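Asks: Here it is, the structure in full.
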Amino acid sequence: MKNRQKETFFDYPVFNNIKEIIYHSVEKYKTNTAFKLKEKTENGEKYIDITYEEFLTQVNNLGTGLYSLGLEGKKVAILSKNRYEWALSYVSLLLGGIIAVPLDKALTDIEIENSLLRGKVDAIIYEEKYEPIIEKVKQEGKSTIEIYICMEKQEGKEYLKEIMQKGEEELKKGNRTYLDKQIDEKSLATLVFTSGTTSKSKIVMLSQYNIARNISDMQLVEDFRSTDVNLAFLPYHHTFGSTGQLIMLSSGIATAFPDGLRYIAQNLKEYHVTFFVGVPLLIEKIYEKIEEQIAKQKKTTIIKIAKIFTNLLLKFGIDIRRKVYKPIIEGLGGLRFVISGAAGLDKRVEKGLNDLGILTVQGYGLTETSPVLCAENYKYRKYGSIGFPMPSVEMKISEPNEEGIGEIIAKAPNLMLGYYEDEEATQEVIKDGWFYTGDYGYIDKQGYVYITGRKKNTIVLKNGKKIFPEEIEENINKIDLVEDCFVFGLPKEDDMVLSVKIKYNEEVMKKKYPSLNMEELKKAIWDKVKEANKLVPKYKYIKNMILTNMDFSKTTTNKIKRHEELQKMHLN
């Protein structure tokens, strides 16, 4: 059988650092729009397009200005929501060999302060919203921060625009120190805090070589187009978000910024978004809205019949999906390509979007791998899988059981340098050049990779059987009355009783089951859980259920903090 892992579909140079990638893009896509900005004025809203050439000019101005502040080779944190100044700052740091330290804007004040201390940063670029915590950090004097740079004008702080102006003046004087900086591509380029769901997050050290090689890999197999418009929804402080933005810049793609979760549908149409990278929760919500609109127009049956017809034509190489479903696609701004990551996407949703002619693929990776290890592509997709390893990634299953399931391990040029100031933790996950992902999975006969669950979440029964809660949660989350769920082992004597804690969907309950009281609701959900049990072997049956209307504790990538949930139930 042909080795599909090594099969590529597009031409793209192999770059070893981000500076090479950005300069290549500017040369190739000079007049393309790099960013679409929206500003509020007295007369309403004003739209501004920044070309690739203009973007690089601003990058060089800011970078030269940062050098004039003595930040060459230093560590600089970035703290803000996704916005143009974030992207501008990040690229400016990378092109000057300054170490970037992205911070999670959703952290508490104490966590932000601890991150700044642990990262030993020398300067911080931030938006004014965080002025109180920044002022507190400055007054306490515990951090190593010497320079505070605000994205808005603040008294007593450096102002980003003024630093850019200073850099522009230096460049006019002939100062080429920043422009001529030679990138040490295998040295530390960025420190990224993982979104650990249990103990204190680790700090991942990535080089420009790691990130650049991952970008080059993705360019060889994914259908990126210079005519695309991207909506930057994924948080930039995650590697999935920041590397994703660099992918856009490597492809000649334009990026717009969302106004918030509530406005995603509006922004898709407003900016005529054709390319979207997101987490399953958001993609599934978008698909739910499509289904709701189809149902309202009483076209559910017609669309089902149309899908049978268009899929049949596909087998003969005739693709008319985007013509047949044009009104639906236009309602999404012209959406063409969706990439889902961070967790498993519902198979029904992935297939549903592809059936409409919206190319939808799943990817898999970790912060430690810059981040992508594996992904589907326009040519090869298998619902439920995470596709094939990237062209330069070697992947295998360590110590597989009788079902072929074991820990996924990988060798790749995009593998991190290690954990910052934690050699012991580094050695625990990198052994003989292989990275132990902590995820269990298997590889089928065709080479497609599947995830079954996290190693640390595995529930081990007395009989030695291993249960991956994610597999069962996927089935239970399909129940209409379930908004979210969390599967765990309830200790009983010397064994475990497989249990589930469910947050019920109040909106569905009011719409579909308005007459149910709480006892009746619990019975209705329990009956459906018992039906879901039939989809798995008996040893995986849920035997106990807790019902709640309270949200679960989650990370910023929407993963349940299992350790915290168990603590709430006094089980840990």
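The way I read the labels, and the way they are meant: chains A, B, ... in the order of the structure tokens, residue 1 as the first residue of every chain, and ligand 1 as the first ligand shown, with later ones counted on from there.
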Report as a list in words: the residues of region 169-324 of chain A with a DSSP assignment of strand (DSSP E or B), based on the backbone of this structure.
Replies: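 Put together, the selection reads Leu188, Ala189, Thr190, Leu191, Val192, Phe193, Ile203, Val204, Met205, Leu206, Ser207, Val229, Asn230, Leu231, Ala254, Thr255, Ala256, Phe275, Phe276, Val277 and Gly278 of chain A.
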Asks: Looking only at the backbone, which of the residues in region 431-555 of chain A does DSSP tag as alpha helix (DSSP H), as an NGL selection string?
Replies: :A and (469-476 or 506-512 or 518-533)
Asks: For region 68-71 of chain A, find every residue with an atom within 10 Å (counting only C-alpha atoms), except residues of its own chain fewer than 6 positions away, and show them as JSON, numbers by chain.
Replies: {"A": [62, 93, 96, 97, 98, 99, 122, 123, 147, 158, 163, 166, 167, 170, 175, 177, 178]}
Asks: Identify which of the residues A:Asp180, A:Phe224, A:Tyr236, A:Gly260 lies closest to Lys105 (chain A), counting only C-alpha atoms when measuring atom-to-atom distances.
Replies: A:Tyr236
Asks: Quick check, in Å to one decimal: how far apart do CA of Met509 (chain A) and CA of Lys568 (chain A) lie?
Replies: 25.6 Å
Asks: For region 516-532 of chain A, find every residue with an atom within 8 Å (counting only C-alpha atoms), except residues of its own chain fewer than 3 positions away, and show them as a list in words.
Replies: Asn475, Ile476, Ile479, Leu481, Val482, Tyr513, Leu535, Val536, Tyr541, Ile542, Met545 and Leu547 of chain A
Asks: CA of Pro13 (chain A) and CA of Arg336 (chain A) are how many Å apart?
Replies: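 Here the two named atoms are 24.8 Å from each other.
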Asks: Mind checking which residues fall within 12 Å of Val460 (chain A), counting only C-alpha atoms, ignoring those fewer than 2 positions away in the same chain, and posting them as a list in words?
Replies: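 Near neighbours after the sequence-gap exclusion: Lys455, Lys456, Asn457, Thr458, Lys462, Asn463, Gly464, Lys465, Lys466, Ile467, Phe468, Pro469, Phe488, Gly489, Leu490, Pro491, Asp494, Asp495, Met496, Val497, Leu498, Tyr539 and Lys540 of chain A.
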Asks: Contacts of Asn210 (chain A) at 8 Å or less, counting only C-alpha atoms, minus same-chain residues fewer than 5 places along, as a list in words?
Replies: Asn16, Lys186, Thr369, Ser370, Pro413, Asn414, Leu415 and Met416 of chain A
Asks: Take CA of Lys28 (chain A) and CA of Ile253 (chain A) and report the distance between them in Å, one decimal.
Replies: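 Here the two named atoms are 11.7 Å from each other.
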Asks: Show me a table, sorted first by chain and then by increasing residue number, of the residues of region 165-237 of chain A having an atom at most 9 Å from region 391-411 of chain A, each with its shortest atom pair and the distance in Å to one decimal, counting only C-alpha atoms and written as CSV.
Replies:
```
residue,atom,partner,partner_atom,distance
A:Arg213,CA,A:Ser392,CA,8.5
A:Asn214,CA,A:Ser392,CA,8.6
A:Asp217,CA,A:Pro391,CA,6.0
A:Met218,CA,A:Pro391,CA,8.3
A:Leu220,CA,A:Pro391,CA,7.9
A:Val221,CA,A:Pro391,CA,8.1
```
Asks: If you keep C-alpha atoms, can you produce a file of those selected residues as a short mmCIF file (atom, residue, chain, number, x, y, z; two decimals), in the first residue's frame?
Replies:
```
data_model
loop_
_atom_site.label_atom_id
_atom_site.label_comp_id
_atom_site.auth_asym_id
_atom_site.auth_seq_id
_atom_site.Cartn_x
_atom_site.Cartn_y
_atom_site.Cartn_z
CA ARG A 213 9.42 23.25 9.96
CA ASN A 214 5.88 22.66 11.20
CA ASP A 217 5.03 20.56 6.65
CA MET A 218 1.48 21.88 6.75
CA LEU A 220 2.80 20.60 1.71
CA VAL A 221 -0.48 18.87 2.55
#
```
Asks: Need the shell around Tyr90 (chain A): protein/DNA/RNA residues with any atom at most 9 Å away, counting only C-alpha atoms. Skip same-chain ones fewer than 6 positions apart. Format as a PyMOL selection string?
Replies: chain A and resi 78+100-102+242
Asks: From the list A:Phe552, A:Tyr209, A:Tyr380, A:Tyr364, which residue is nearest Leu417 (chain A) when using only C-alpha atoms?
Replies: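 Residue with the minimum atom-to-atom distance to Leu417 (chain A): A:Tyr209.
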Asks: Using only C-alpha atoms, which of A:Lys74, A:Tyr126, A:Val14, A:Thr64 sits nearest Lys172 (chain A)?
Replies: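 When distances to Lys172 (chain A) are compared using only C-alpha atoms, the smallest one comes from A:Thr64.
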